[in-house]
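**Student:** Got a file for you: coords16.cif, mmCIF, C-alpha atoms.
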data_structure
#
loop_
_atom_site.label_atom_id
_atom_site.label_comp_id
_atom_site.auth_asym_id
_atom_site.auth_seq_id
_atom_site.Cartn_x
_atom_site.Cartn_y
_atom_site.Cartn_z
CA MET K 1496 14.89 -82.81 -24.85
CA ASP K 1497 16.05 -83.00 -21.24
CA LYS K 1498 17.02 -79.86 -19.34
CA GLU K 1499 20.77 -80.49 -19.41
CA ALA K 1500 20.76 -81.03 -23.17
CA LEU K 1501 18.71 -77.88 -23.55
CA LYS K 1502 21.17 -75.88 -21.49
CA LEU K 1503 24.04 -77.17 -23.61
CA LEU K 1504 22.16 -76.22 -26.74
CA ILE K 1505 21.57 -72.71 -25.39
CA LEU K 1506 25.21 -72.34 -24.34
CA ASP K 1507 26.43 -73.50 -27.74
CA ASN K 1508 24.26 -70.94 -29.47
CA LEU K 1509 24.40 -68.13 -26.94
CA LYS K 1510 26.81 -66.02 -28.95
CA ASP K 1511 24.68 -66.23 -32.10
CA LEU K 1512 21.54 -65.61 -30.09
CA ARG K 1513 23.01 -62.43 -28.59
CA ARG K 1514 24.13 -61.21 -31.98
CA PHE K 1515 20.69 -61.85 -33.41
CA ALA K 1516 19.10 -60.09 -30.45
CA TYR K 1517 21.47 -57.17 -31.01
CA SER K 1518 20.51 -56.96 -34.67
CA LEU K 1519 16.85 -56.74 -33.64
CA THR K 1520 17.25 -54.25 -30.82
CA ASN K 1521 20.21 -52.15 -32.01
CA ASP K 1522 21.17 -51.71 -28.39
CA ILE K 1523 23.51 -53.92 -26.38
CA ASN K 1524 21.64 -53.61 -23.08
CA ASP K 1525 18.32 -54.29 -24.73
CA ALA K 1526 19.90 -57.22 -26.55
CA ASP K 1527 21.02 -58.75 -23.25
CA ASP K 1528 17.62 -58.14 -21.68
CA LEU K 1529 16.02 -59.84 -24.67
CA THR K 1530 18.50 -62.73 -24.49
CA GLN K 1531 17.68 -63.21 -20.82
CA ILE K 1532 13.97 -63.30 -21.56
CA VAL K 1533 14.57 -65.88 -24.28
CA VAL K 1534 16.71 -68.09 -22.04
CA GLU K 1535 14.06 -67.91 -19.30
CA LYS K 1536 11.33 -68.83 -21.75
CA LEU K 1537 13.36 -71.71 -23.16
CA LEU K 1538 14.11 -73.10 -19.72
CA THR K 1539 10.59 -72.87 -18.42
CA LYS K 1540 8.59 -73.93 -21.47
CA PRO K 1541 9.57 -77.19 -23.13
CA ILE K 1542 10.52 -77.15 -26.80
CA PRO K 1543 7.73 -78.92 -28.71
CA ASP K 1544 8.64 -82.39 -29.93
CA ASN K 1545 7.71 -81.64 -33.52
CA VAL K 1546 10.12 -78.74 -34.08
CA GLU K 1547 13.83 -78.45 -34.73
CA PRO K 1548 15.43 -77.03 -31.55
CA LEU K 1549 17.81 -74.56 -33.22
CA PRO K 1550 15.25 -72.66 -35.32
CA TRP K 1551 12.93 -72.79 -32.32
CA ILE K 1552 15.42 -70.80 -30.21
CA PHE K 1553 15.56 -68.02 -32.76
CA ARG K 1554 11.80 -68.08 -33.26
CA VAL K 1555 11.34 -67.58 -29.52
CA CYS K 1556 13.76 -64.66 -29.72
CA LYS K 1557 11.98 -63.04 -32.65
CA ASN K 1558 8.58 -63.47 -30.99
CA ALA K 1559 9.86 -62.18 -27.65
CA TRP K 1560 11.13 -59.06 -29.39
CA ILE K 1561 7.78 -58.55 -31.08
CA ASP K 1562 6.13 -58.83 -27.65
CA GLU K 1563 8.51 -56.23 -26.27
CA LEU K 1564 7.92 -53.84 -29.13
CA ARG K 1565 4.20 -54.18 -28.66
CA SER K 1566 4.42 -53.49 -24.95
CA ARG K 1567 6.60 -50.41 -25.30
CA LYS K 1568 4.74 -47.30 -24.39
CA ILE K 1569 7.24 -44.96 -25.92
CA ARG K 1570 9.09 -45.93 -29.04
CA THR K 1571 10.53 -42.64 -30.11
CA ILE K 1572 13.99 -43.27 -28.76
CA ASP K 1573 14.77 -46.65 -30.17
CA ASP K 1574 16.43 -45.30 -33.28
CA ASN K 1575 18.64 -42.81 -31.51
CA VAL K 1576 20.94 -45.00 -29.50
CA GLU K 1577 22.23 -47.26 -32.15
CA VAL K 1578 24.95 -45.30 -33.92
CA SER K 1579 26.78 -44.38 -30.75
CA GLN K 1580 26.46 -47.93 -29.47
CA ILE K 1581 27.97 -49.41 -32.58
CA GLU K 1582 30.59 -46.69 -32.87
CA SER K 1583 31.94 -47.16 -29.39
CA SER K 1584 31.78 -50.91 -29.55
CA THR K 1585 33.79 -51.40 -32.69
CA LYS K 1586 36.77 -49.13 -32.22
CA SER K 1587 39.08 -52.08 -32.67
CA SER K 1588 37.45 -53.16 -35.85
CA GLU K 1589 39.29 -52.72 -39.10
CA ILE K 1590 36.21 -51.23 -40.65
CA ALA K 1591 36.54 -47.55 -41.41
CA GLU K 1592 34.48 -45.51 -39.00
CA ASP K 1593 32.67 -43.59 -41.71
CA ASN K 1594 31.76 -46.73 -43.56
CA LEU K 1595 30.45 -48.29 -40.39
CA GLN K 1596 28.24 -45.34 -39.64
CA GLN K 1597 26.85 -45.35 -43.13
CA LEU K 1598 26.31 -49.07 -42.97
CA LYS K 1599 24.47 -48.67 -39.71
CA ILE K 1600 22.18 -46.07 -41.20
CA ALA K 1601 21.61 -48.29 -44.21
CA ILE K 1602 20.80 -51.27 -42.00
CA THR K 1603 18.24 -49.32 -40.01
CA GLU K 1604 16.64 -48.25 -43.27
CA LEU K 1605 16.33 -51.83 -44.47
CA PRO K 1606 12.75 -53.08 -44.24
CA GLU K 1607 12.38 -55.15 -41.07
CA ALA K 1608 11.50 -58.30 -42.97
CA TYR K 1609 14.81 -58.02 -44.84
CA ARG K 1610 16.83 -57.24 -41.73
CA VAL K 1611 15.52 -60.25 -39.85
CA VAL K 1612 16.23 -62.66 -42.65
CA MET K 1613 19.73 -61.23 -43.21
CA SER K 1614 20.53 -61.46 -39.53
CA LEU K 1615 19.41 -65.06 -39.23
CA ILE K 1616 21.47 -66.11 -42.22
CA ILE K 1617 24.52 -63.85 -42.10
CA ILE K 1618 24.94 -63.30 -38.37
CA SER K 1619 23.49 -66.46 -36.89
CA GLY K 1620 24.53 -68.70 -39.74
CA LEU K 1621 21.20 -70.44 -40.14
CA SER K 1622 20.45 -72.31 -43.36
CA TYR K 1623 17.57 -71.26 -45.59
CA ALA K 1624 15.56 -74.22 -44.31
CA GLU K 1625 16.17 -73.24 -40.69
CA THR K 1626 15.38 -69.60 -41.41
CA ALA K 1627 12.16 -70.69 -43.08
CA GLU K 1628 11.26 -72.55 -39.88
CA VAL K 1629 12.02 -69.56 -37.67
CA LEU K 1630 9.94 -67.19 -39.75
CA GLU K 1631 7.34 -69.77 -40.78
CA ILE K 1632 7.63 -68.87 -44.44
CA PRO K 1633 8.54 -70.99 -47.50
CA ILE K 1634 12.23 -71.55 -48.32
CA GLY K 1635 11.69 -69.84 -51.68
CA THR K 1636 10.59 -66.71 -49.86
CA VAL K 1637 13.71 -66.83 -47.68
CA MET K 1638 15.87 -67.13 -50.80
CA SER K 1639 14.27 -64.20 -52.60
CA ARG K 1640 14.06 -62.08 -49.46
CA VAL K 1641 17.73 -62.39 -48.52
CA ALA K 1642 18.72 -61.72 -52.12
CA ARG K 1643 16.58 -58.58 -52.24
CA ALA K 1644 17.96 -57.54 -48.85
CA ARG K 1645 21.54 -57.80 -50.12
CA GLU K 1646 20.74 -55.89 -53.28
CA LYS K 1647 18.88 -53.21 -51.35
CA LEU K 1648 21.74 -52.84 -48.86
CA SER K 1649 24.21 -52.63 -51.71
CA GLN K 1650 22.18 -49.91 -53.43
CA MET K 1651 21.89 -47.92 -50.20
CA LEU K 1652 25.60 -48.18 -49.51
CA ASN K 1653 26.29 -47.02 -53.06
CA LYS K 1654 24.05 -44.08 -52.41
CA TYR K 1655 26.11 -43.19 -49.34
CA GLY K 1656 29.34 -43.77 -51.24
CA VAL K 1657 30.50 -46.56 -48.93
CA GLY K 1658 33.31 -48.63 -50.35
CA GLU K 1659 34.22 -46.13 -53.01
CA GLN K 1660 37.80 -45.01 -52.68
CA MET H 444 22.01 -58.19 -63.07
CA ASN H 445 18.60 -59.74 -63.21
CA LYS H 446 16.62 -61.14 -60.28
CA SER H 447 17.69 -64.68 -60.98
CA ASP H 448 21.39 -63.72 -60.95
CA ILE H 449 20.98 -61.86 -57.68
CA GLU H 450 19.26 -64.85 -56.08
CA MET H 451 21.89 -67.26 -57.37
CA LEU H 452 24.70 -65.05 -56.15
CA SER H 453 23.05 -64.71 -52.77
CA ALA H 454 22.47 -68.45 -52.48
CA TYR H 455 26.08 -69.06 -53.53
CA LEU H 456 27.32 -66.83 -50.72
CA ASP H 457 25.11 -68.71 -48.29
CA ASN H 458 26.31 -72.10 -49.51
CA GLU H 459 22.80 -73.04 -50.54
CA LEU H 460 23.49 -74.20 -54.11
CA SER H 461 23.76 -77.82 -55.16
CA GLU H 462 27.13 -79.07 -56.40
CA ALA H 463 26.04 -78.74 -60.02
CA GLU H 464 24.65 -75.24 -59.52
CA ARG H 465 27.76 -74.16 -57.64
CA SER H 466 30.07 -75.44 -60.33
CA HIS H 467 28.06 -73.75 -63.08
CA PHE H 468 27.90 -70.52 -61.13
CA GLU H 469 31.65 -70.48 -60.50
CA GLU H 470 32.25 -70.81 -64.23
CA ARG H 471 30.08 -67.76 -64.80
CA LEU H 472 31.84 -65.85 -62.02
CA ALA H 473 35.15 -66.40 -63.77
CA THR H 474 33.95 -64.83 -67.01
CA ASP H 475 31.21 -62.35 -66.08
CA GLU H 476 32.73 -59.11 -64.81
CA VAL H 477 29.45 -57.63 -63.59
CA LEU H 478 28.70 -60.75 -61.61
CA ALA H 479 32.22 -60.87 -60.18
CA GLU H 480 31.98 -57.25 -59.11
CA ALA H 481 28.64 -57.88 -57.42
CA PHE H 482 30.12 -60.94 -55.71
CA THR H 483 32.93 -58.83 -54.25
CA LYS H 484 30.55 -56.12 -53.10
CA TYR H 485 28.05 -58.51 -51.52
CA SER H 486 30.86 -60.39 -49.74
CA GLU H 487 32.26 -57.17 -48.31
CA ASN H 488 28.83 -56.00 -47.21
CA ASP H 489 28.16 -59.36 -45.54
CA GLN H 490 31.43 -59.06 -43.66
CA VAL H 491 30.67 -55.54 -42.50
CA TYR H 492 27.14 -56.55 -41.48
CA ARG H 493 28.53 -59.49 -39.51
CA GLU H 494 31.18 -57.37 -37.79
CA ALA H 495 28.70 -54.64 -36.91
CA PHE H 496 26.57 -57.00 -34.85
CA SER H 497 29.47 -59.08 -33.54
CA ALA H 498 30.38 -55.98 -31.55
CA ILE H 499 28.24 -57.34 -28.74
CA ASP H 500 30.81 -60.13 -28.28
CA GLU H 501 33.13 -57.53 -26.74
CA THR H 502 30.66 -57.09 -23.89
CA PRO H 503 30.74 -60.07 -21.50
CA VAL H 504 27.59 -62.14 -21.24
CA PRO H 505 25.79 -60.88 -18.11
CA ASP H 506 26.00 -63.15 -15.09
CA SER H 507 22.24 -63.06 -14.85
CA ILE H 508 22.06 -65.01 -18.11
CA LEU H 509 24.89 -67.40 -17.33
CA SER H 510 23.51 -68.18 -13.92
CA LEU H 511 20.19 -69.15 -15.47
CA ILE H 512 21.94 -71.71 -17.61
CA SER H 513 24.35 -73.03 -15.01
CA GLU H 514 21.86 -73.52 -12.21
CA SER H 515 20.42 -76.90 -11.51
CA GLU H 516 16.96 -77.62 -12.82
CA LYS H 517 15.50 -77.06 -9.40
CA ASP H 518 17.27 -73.76 -9.00
CA VAL H 519 16.08 -72.56 -12.37
CA LEU H 520 12.51 -72.77 -11.22
CA LEU H 521 13.36 -70.89 -8.03
CA SER H 522 15.35 -68.29 -9.91
CA ASN H 523 12.37 -67.42 -12.01
CA GLN H 524 10.59 -66.40 -8.88
CA HIS H 525 13.31 -64.81 -6.78
CA ASN H 526 16.68 -64.64 -8.32
CA VAL H 527 16.29 -63.09 -11.74
CA VAL H 528 17.80 -59.68 -12.26
CA GLU H 529 15.18 -57.00 -12.27
CA LEU H 530 14.19 -56.10 -15.78
CA LYS H 531 13.63 -52.60 -16.98
CA LYS H 532 10.24 -51.24 -16.21
CA TRP H 533 9.07 -51.23 -19.80
CA ARG H 534 9.92 -54.89 -20.06
CA ARG H 535 7.63 -55.71 -17.19
CA VAL H 536 4.79 -53.87 -18.85
CA LYS H 537 3.37 -56.82 -20.59
CA TRP H 538 0.72 -56.84 -23.19
CA LEU H 539 -2.74 -56.24 -21.80
CA PRO H 540 -3.50 -59.08 -19.42
CA ILE H 541 -5.68 -61.15 -21.62
CA ALA H 542 -7.69 -63.26 -19.25
CA ALA H 543 -9.93 -64.48 -21.97
CA SER H 544 -11.57 -63.02 -24.92
CA PHE H 545 -14.46 -63.04 -27.21
CA LEU H 546 -13.57 -62.97 -30.82
CA ILE H 547 -15.25 -60.67 -33.20
CA ILE H 548 -13.92 -60.96 -36.67
CA ALA H 549 -14.87 -58.13 -38.92
CA LEU H 550 -13.14 -59.18 -42.07
CA SER H 551 -12.32 -56.37 -44.45
CA LEU H 552 -14.60 -53.83 -42.88
CA PRO H 553 -13.39 -50.33 -43.70
CA VAL H 554 -12.48 -48.28 -40.64
CA LEU H 555 -14.99 -45.55 -41.23
CA PHE H 556 -16.63 -44.82 -37.95
CA ASN H 557 -16.22 -41.52 -36.24
CA MET H 558 -17.16 -41.08 -32.64
CA ASN H 559 -19.62 -38.28 -33.38
CA GLU H 560 -17.49 -35.73 -31.62
CA PRO H 561 -17.10 -32.64 -33.77
CA ASP H 562 -13.40 -32.19 -33.08
CA SER H 563 -12.36 -35.74 -32.42
CA PRO H 564 -10.11 -37.41 -34.94
CA SER H 565 -11.49 -40.48 -36.66
CA VAL H 566 -9.79 -43.81 -36.15
CA ALA H 567 -8.58 -43.72 -39.73
CA SER H 568 -7.00 -40.32 -39.30
CA VAL H 569 -5.18 -41.47 -36.15
CA LEU H 570 -3.96 -44.58 -37.96
CA ASP H 571 -2.72 -42.35 -40.76
CA SER H 572 -0.80 -39.95 -38.59
CA GLN H 573 0.27 -41.15 -35.13
CA LEU H 574 3.29 -43.25 -34.23
CA SER H 575 3.02 -46.42 -32.17
CA GLY H 576 3.20 -45.95 -28.44
CA GLN H 577 0.83 -42.99 -28.55
CA LYS H 578 -2.51 -42.89 -26.84
CA VAL H 579 -5.05 -40.62 -28.49
CA GLU H 580 -8.41 -39.55 -27.13
CA ILE H 581 -10.88 -39.76 -29.96
CA ALA H 582 -13.99 -39.11 -27.93
CA ALA H 583 -14.90 -38.30 -24.35
CA THR H 584 -14.83 -41.91 -23.25
CA THR H 585 -12.89 -43.44 -26.09
CA ASN H 586 -9.13 -43.83 -26.35
CA LEU H 587 -7.12 -45.36 -29.11
CA GLU H 588 -3.70 -46.75 -28.25
CA LEU H 589 -1.39 -47.55 -31.14
CA VAL H 590 0.56 -50.73 -30.47
CA MET H 591 2.66 -51.39 -33.56
CA SER H 592 2.87 -51.20 -37.32
CA PHE H 593 4.01 -53.92 -39.67
CA ILE H 594 3.88 -54.98 -43.29
CA ASP H 595 1.66 -57.93 -44.12
CA GLN H 596 2.52 -60.73 -46.53
CA GLN H 597 0.83 -58.81 -49.35
CA GLY H 598 2.89 -55.69 -48.70
CA HIS H 599 0.15 -53.62 -47.05
CA LEU H 600 0.89 -51.33 -44.13
CA CYS H 601 -0.99 -52.66 -41.10
CA ARG H 602 -1.47 -51.33 -37.60
CA GLU H 603 -2.40 -52.98 -34.36
CA TYR H 604 -4.26 -50.84 -31.87
CA VAL H 605 -6.41 -51.01 -28.78
CA LEU H 606 -9.71 -49.18 -28.65
CA SER H 607 -10.90 -48.53 -25.10
CA GLN H 608 -14.46 -47.39 -24.69
CA SER H 609 -16.51 -46.94 -21.55
CA ASN H 610 -17.78 -50.49 -21.60
CA SER H 611 -15.25 -52.48 -23.58
CA VAL H 612 -11.65 -52.83 -24.67
CA GLU H 613 -10.93 -54.14 -28.14
CA GLN H 614 -7.69 -55.20 -29.75
CA LYS H 615 -7.75 -54.62 -33.51
CA ILE H 616 -5.65 -54.86 -36.61
CA ALA H 617 -6.33 -52.73 -39.66
CA CYS H 618 -4.46 -52.72 -42.94
CA LYS H 619 -4.41 -49.98 -45.52
CA ILE H 620 -5.76 -51.52 -48.68
CA ASP H 621 -6.56 -49.46 -51.75
CA GLY H 622 -6.07 -46.27 -49.77
CA MET H 623 -8.50 -47.22 -47.01
CA TRP H 624 -7.92 -48.67 -43.54
CA GLN H 625 -9.73 -51.98 -43.36
CA THR H 626 -10.20 -53.97 -40.16
CA GLN H 627 -8.71 -57.42 -40.56
CA ILE H 628 -9.40 -58.85 -37.14
CA SER H 629 -10.82 -57.62 -33.88
CA ASP H 630 -10.85 -59.21 -30.46
CA THR H 631 -12.84 -57.95 -27.51
CA LEU H 632 -10.58 -58.19 -24.48
CA TYR H 633 -13.02 -57.02 -21.85
CA ASN H 634 -16.63 -56.18 -21.42
CA LEU H 635 -17.31 -53.97 -18.49
CA GLY H 636 -20.30 -54.82 -16.39
CA GLY H 637 -21.15 -52.64 -13.44
CA ASN H 638 -17.94 -51.59 -11.70
CA HIS H 639 -15.94 -54.64 -12.62
CA TYR H 640 -14.27 -56.00 -15.67
CA GLN H 641 -15.96 -59.12 -16.81
CA VAL H 642 -14.54 -61.77 -19.01
CA ALA H 643 -16.41 -61.61 -22.26
CA SER H 644 -16.01 -65.22 -23.08
CA SER H 645 -13.54 -67.99 -22.63
CA GLY H 646 -11.09 -69.05 -25.28
CA GLY H 647 -10.08 -67.35 -28.49
CA SER H 648 -7.42 -65.11 -26.95
CA ASP H 649 -4.75 -66.46 -29.28
CA LYS H 650 -6.63 -65.46 -32.39
CA ILE H 651 -4.85 -62.17 -32.89
CA GLU H 652 -1.50 -63.86 -32.28
CA ASN H 653 -2.35 -66.55 -34.77
CA TRP H 654 -3.43 -63.96 -37.30
CA LEU H 655 -0.12 -62.15 -36.85
CA ASP H 656 1.83 -65.38 -37.22
CA LEU H 657 0.14 -65.99 -40.54
CA ASN H 658 0.06 -62.49 -41.91
CA MET H 659 2.89 -60.38 -40.54
CA SER H 660 5.99 -60.19 -42.67
CA GLY H 661 9.12 -59.94 -40.51
CA ILE H 662 8.93 -57.94 -37.31
CA PRO H 663 7.14 -54.69 -36.44
CA LEU H 664 8.46 -51.53 -38.03
CA SER H 665 10.98 -49.41 -36.17
CA THR H 666 9.94 -45.87 -35.38
CA ARG H 667 11.90 -44.55 -38.31
CA ALA H 668 10.47 -47.10 -40.72
CA GLU H 669 6.99 -46.50 -39.36
CA GLU H 670 7.31 -42.78 -39.90
CA ALA H 671 8.44 -43.32 -43.48
CA ALA H 672 5.62 -45.80 -44.13
CA LEU H 673 3.02 -43.41 -42.74
CA ASN H 674 4.36 -40.59 -44.88
CA ARG H 675 4.15 -42.78 -47.96
CA SER H 676 0.62 -43.93 -47.26
CA ALA H 677 -0.82 -40.66 -46.00
CA PRO H 678 -3.78 -39.33 -47.96
CA GLN H 679 -2.82 -36.58 -50.38
CA GLU H 680 -3.95 -33.10 -49.37
CA LYS H 681 -6.49 -31.68 -51.71
#
Turn this file's structure into structure tokens for me.
**Tutor:**
Amino acid sequence: MDKEALKLLILDNLKDLRRFAYSLTNDINDADDLTQIVVEKLLTKPIPDNVEPLPWIFRVCKNAWIDELRSRKIRTIDDNVEVSQIESSTKSSEIAEDNLQQLKIAITELPEAYRVVMSLIIISGLSYAETAEVLEIPIGTVMSRVARAREKLSQMLNKYGVGEQ
Amino acid sequence: MNKSDIEMLSAYLDNELSEAERSHFEERLATDEVLAEAFTKYSENDQVYREAFSAIDETPVPDSILSLISESEKDVLLSNQHNVVELKKWRRVKWLPIAASFLIIALSLPVLFNMNEPDSPSVASVLDSQLSGQKVEIAATTNLELVMSFIDQQGHLCREYVLSQSNSVEQKIACKIDGMWQTQISDTLYNLGGNHYQVASSGGSDKIENWLDLNMSGIPLSTRAEEAALNRSAPQEK
């Protein structure tokens, strides 16, 4: 893929990439830092010929985030910023504030493997086949994992009483 | 609802069913109240999940990202050297500079060794109790730095750590299997000879990465998830 085509591909998917990065980091500034790292990596290292470009972009993002987590010297604050970030960012949303907070807590309690697969499918709109490529797991595993993730999230939201009027 | 129903419903929401499956499933949705209720709930949750992370759309894409994409090919190369916005300090702290490595694979060896210091914690006890990001002295010249925790494909809690001793630095991964930390892979990053670090051997530095690619499920645990996992797996007090 030539550089101009690659840039177009990145631009076309930038919104989804940022959202995915945000779902990994739970912090808008960190999400943009991560997105920048991903864009730099994509522009400087060619996409291998034998991979689908779209899943590759998200795989680079996931792996870059893993690298960042591994290089963090202090990780005790990463769970503390998220609620306020989400709260302040979604004032205009129609979602009830309480529900949103509970959802946010529930999301952070989802096992990471579930959260990643949900984000790729629900936020970034990837197919099961593309998600399987990103995560390098069988499609059947993607299918069962996203189903379990939804059920788990539903159970947790029930526990918090979200959606009950 | 059974597992199969949940998977079908999930695949239906994701538009992953064949025409025939979709048609059959829609017939069931029209008559099965439990399924219909779950469909409504899952759809609402999906929408809330989507909206929660779409919140970032309200923040403009930083110019530093846009400029990377809009620059000419030549400029992109230059920008990587001079023009990129300074990243936070922790982002510049990259993983230990692996010049080269010498691979030592100690498959399924229990992490049993203690450093023969009366009051020093054993590796296993540090793995059981400390969060990632911590550096713990386990002997006079031995430090253990916890890098991350994750769940492997078999559902075991695993931890990556770096063991620095006076003459070597090793990167290791241990998983808790049957109540015991067992080393899955170990890679010597440096051997120290005289006053200088010496490359132990060439090649093999991707082995840990490859192992992680094959064995890690999802991404590393968040601090909160790690804490919960450690509490669950901690040895029971007698």
**Student:** Need the shell around segment 1624-1632 of chain K: protein/DNA/RNA residues with any atom at most 10 Å away, counting only C-alpha atoms. Skip same-chain ones fewer than 3 positions apart. Format as a PyMOL selection string?
**Tutor:** (chain K and resi 1546-1558+1608+1611-1616+1619-1621+1635-1638) or (chain H and resi 459+596+656-657+659-662)
**Student:** Give me, please, the distance in Å between atom CA of Arg465 of chain H and atom CA of Leu452 of chain H, quoted to one decimal.
**Tutor:**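 Distance reported for this atom pair: 9.7 Å.
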**Student:** Nearest residue to chain H out of K:Leu1512, K:Ala1526, K:Arg1565, K:Asn1521, using only C-alpha atoms?
**Tutor:** K:Arg1565
**Student:** Determine the residue membership of the PyMOL selection byres ((chain H) within 7 of (chain K)) for the file above and supply it as a ChimeraX atom specification.
**Tutor:** /H:449-450,453-454,485,489,493,495-499,508,512,516,533-534,536-538,575-576,590-591,660-664,666-668
**Student:** Since we have the selection now, will you write its residues out, keeping C-alpha atoms, as a PDB file, keeping the file's coordinate frame?
**Tutor:**
ATOM      1  CA  ILE H 449      20.980 -61.860 -57.680  1.00  0.00           C
ATOM      2  CA  GLU H 450      19.260 -64.850 -56.080  1.00  0.00           C
ATOM      3  CA  SER H 453      23.050 -64.710 -52.770  1.00  0.00           C
ATOM      4  CA  ALA H 454      22.470 -68.450 -52.480  1.00  0.00           C
ATOM      5  CA  TYR H 485      28.050 -58.510 -51.520  1.00  0.00           C
ATOM      6  CA  ASP H 489      28.160 -59.360 -45.540  1.00  0.00           C
ATOM      7  CA  ARG H 493      28.530 -59.490 -39.510  1.00  0.00           C
ATOM      8  CA  ALA H 495      28.700 -54.640 -36.910  1.00  0.00           C
ATOM      9  CA  PHE H 496      26.570 -57.000 -34.850  1.00  0.00           C
ATOM     10  CA  SER H 497      29.470 -59.080 -33.540  1.00  0.00           C
ATOM     11  CA  ALA H 498      30.380 -55.980 -31.550  1.00  0.00           C
ATOM     12  CA  ILE H 499      28.240 -57.340 -28.740  1.00  0.00           C
ATOM     13  CA  ILE H 508      22.060 -65.010 -18.110  1.00  0.00           C
ATOM     14  CA  ILE H 512      21.940 -71.710 -17.610  1.00  0.00           C
ATOM     15  CA  GLU H 516      16.960 -77.620 -12.820  1.00  0.00           C
ATOM     16  CA  TRP H 533       9.070 -51.230 -19.800  1.00  0.00           C
ATOM     17  CA  ARG H 534       9.920 -54.890 -20.060  1.00  0.00           C
ATOM     18  CA  VAL H 536       4.790 -53.870 -18.850  1.00  0.00           C
ATOM     19  CA  LYS H 537       3.370 -56.820 -20.590  1.00  0.00           C
ATOM     20  CA  TRP H 538       0.720 -56.840 -23.190  1.00  0.00           C
ATOM     21  CA  SER H 575       3.020 -46.420 -32.170  1.00  0.00           C
ATOM     22  CA  GLY H 576       3.200 -45.950 -28.440  1.00  0.00           C
ATOM     23  CA  VAL H 590       0.560 -50.730 -30.470  1.00  0.00           C
ATOM     24  CA  MET H 591       2.660 -51.390 -33.560  1.00  0.00           C
ATOM     25  CA  SER H 660       5.990 -60.190 -42.670  1.00  0.00           C
ATOM     26  CA  GLY H 661       9.120 -59.940 -40.510  1.00  0.00           C
ATOM     27  CA  ILE H 662       8.930 -57.940 -37.310  1.00  0.00           C
ATOM     28  CA  PRO H 663       7.140 -54.690 -36.440  1.00  0.00           C
ATOM     29  CA  LEU H 664       8.460 -51.530 -38.030  1.00  0.00           C
ATOM     30  CA  THR H 666       9.940 -45.870 -35.380  1.00  0.00           C
ATOM     31  CA  ARG H 667      11.900 -44.550 -38.310  1.00  0.00           C
ATOM     32  CA  ALA H 668      10.470 -47.100 -40.720  1.00  0.00           C
TER      33      ALA H 668
END
**Student:** Please evaluate the PyMOL selection byres ((chain H and resi 476-481) around 10) against the displayed coordinates and give the resulting residues as a list in words.
**Tutor:**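 Applying the PyMOL selection byres ((chain H and resi 476-481) around 10) to the structure shown produces Glu1646 and Ser1649 of chain K; Met444, Asp448, Ile449, Leu452, Ser453, Phe468, Glu469, Arg471, Leu472, Ala473, Thr474, Asp475, Phe482, Thr483, Lys484, Tyr485, Ser486 and Glu487 of chain H.
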**Student:** Apply the PyMOL selection byres ((chain H and resi 675) around 12) to the structure shown and report the selected residues as a compact mmCIF listing (two decimals) with C-alpha atoms, keeping the file's coordinate frame.
**Tutor:**
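File part-v4.txt, as written:
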# COMPACT_ATOMS: atom_id res chain seq x y z
CA ASP H 571 -2.72 -42.35 -40.76
CA SER H 572 -0.80 -39.95 -38.59
CA HIS H 599 0.15 -53.62 -47.05
CA LEU H 600 0.89 -51.33 -44.13
CA LYS H 619 -4.41 -49.98 -45.52
CA GLY H 622 -6.07 -46.27 -49.77
CA ALA H 668 10.47 -47.10 -40.72
CA GLU H 669 6.99 -46.50 -39.36
CA GLU H 670 7.31 -42.78 -39.90
CA ALA H 671 8.44 -43.32 -43.48
CA ALA H 672 5.62 -45.80 -44.13
CA LEU H 673 3.02 -43.41 -42.74
CA ASN H 674 4.36 -40.59 -44.88
CA SER H 676 0.62 -43.93 -47.26
CA ALA H 677 -0.82 -40.66 -46.00
CA PRO H 678 -3.78 -39.33 -47.96
CA GLN H 679 -2.82 -36.58 -50.38
**Student:** So how many Å separate atom CA of Val569 of chain H and atom CA of Asn653 of chain H, to one decimal?
**Tutor:**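 Straight-line distance from atom CA of Val569 of chain H to atom CA of Asn653 of chain H works out to 25.3 Å.
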**Student:** As an exercise, work out the distance from atom CA of Ser466 of chain H to atom CA of Asn488 of chain H in Å and give it to one decimal place.
**Tutor:** 23.5 Å
**Student:** For Met623 of chain H, which of H:Met451, H:Phe593, H:Tyr492, H:Val566 is the closest residue, counting all atoms listed in the file?
**Tutor:**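 Under the stated criterion, the closest residue is H:Val566.
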**Student:** Using the partial input, fill out segment 623-627 of chain H with N, CA and C atoms; write the result as a PDB file, keeping the file's coordinate frame.
**Tutor:**
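In the end it all went to result.pdb:
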ATOM      1  N   MET H 623      -7.527 -47.279 -48.099  1.00  0.00           N
ATOM      2  CA  MET H 623      -8.500 -47.220 -47.010  1.00  0.00           C
ATOM      3  C   MET H 623      -8.130 -48.214 -45.904  1.00  0.00           C
ATOM      4  N   TRP H 624      -8.193 -47.758 -44.659  1.00  0.00           N
ATOM      5  CA  TRP H 624      -7.920 -48.670 -43.540  1.00  0.00           C
ATOM      6  C   TRP H 624      -9.052 -49.674 -43.431  1.00  0.00           C
ATOM      7  N   GLN H 625      -8.704 -50.946 -43.441  1.00  0.00           N
ATOM      8  CA  GLN H 625      -9.730 -51.980 -43.360  1.00  0.00           C
ATOM      9  C   GLN H 625      -9.420 -52.915 -42.187  1.00  0.00           C
ATOM     10  N   THR H 626     -10.388 -53.088 -41.318  1.00  0.00           N
ATOM     11  CA  THR H 626     -10.200 -53.970 -40.160  1.00  0.00           C
ATOM     12  C   THR H 626     -10.031 -55.408 -40.635  1.00  0.00           C
ATOM     13  N   GLN H 627      -8.971 -56.032 -40.181  1.00  0.00           N
ATOM     14  CA  GLN H 627      -8.710 -57.420 -40.560  1.00  0.00           C
ATOM     15  C   GLN H 627      -9.175 -58.390 -39.480  1.00  0.00           C
TER      16      GLN H 627
END
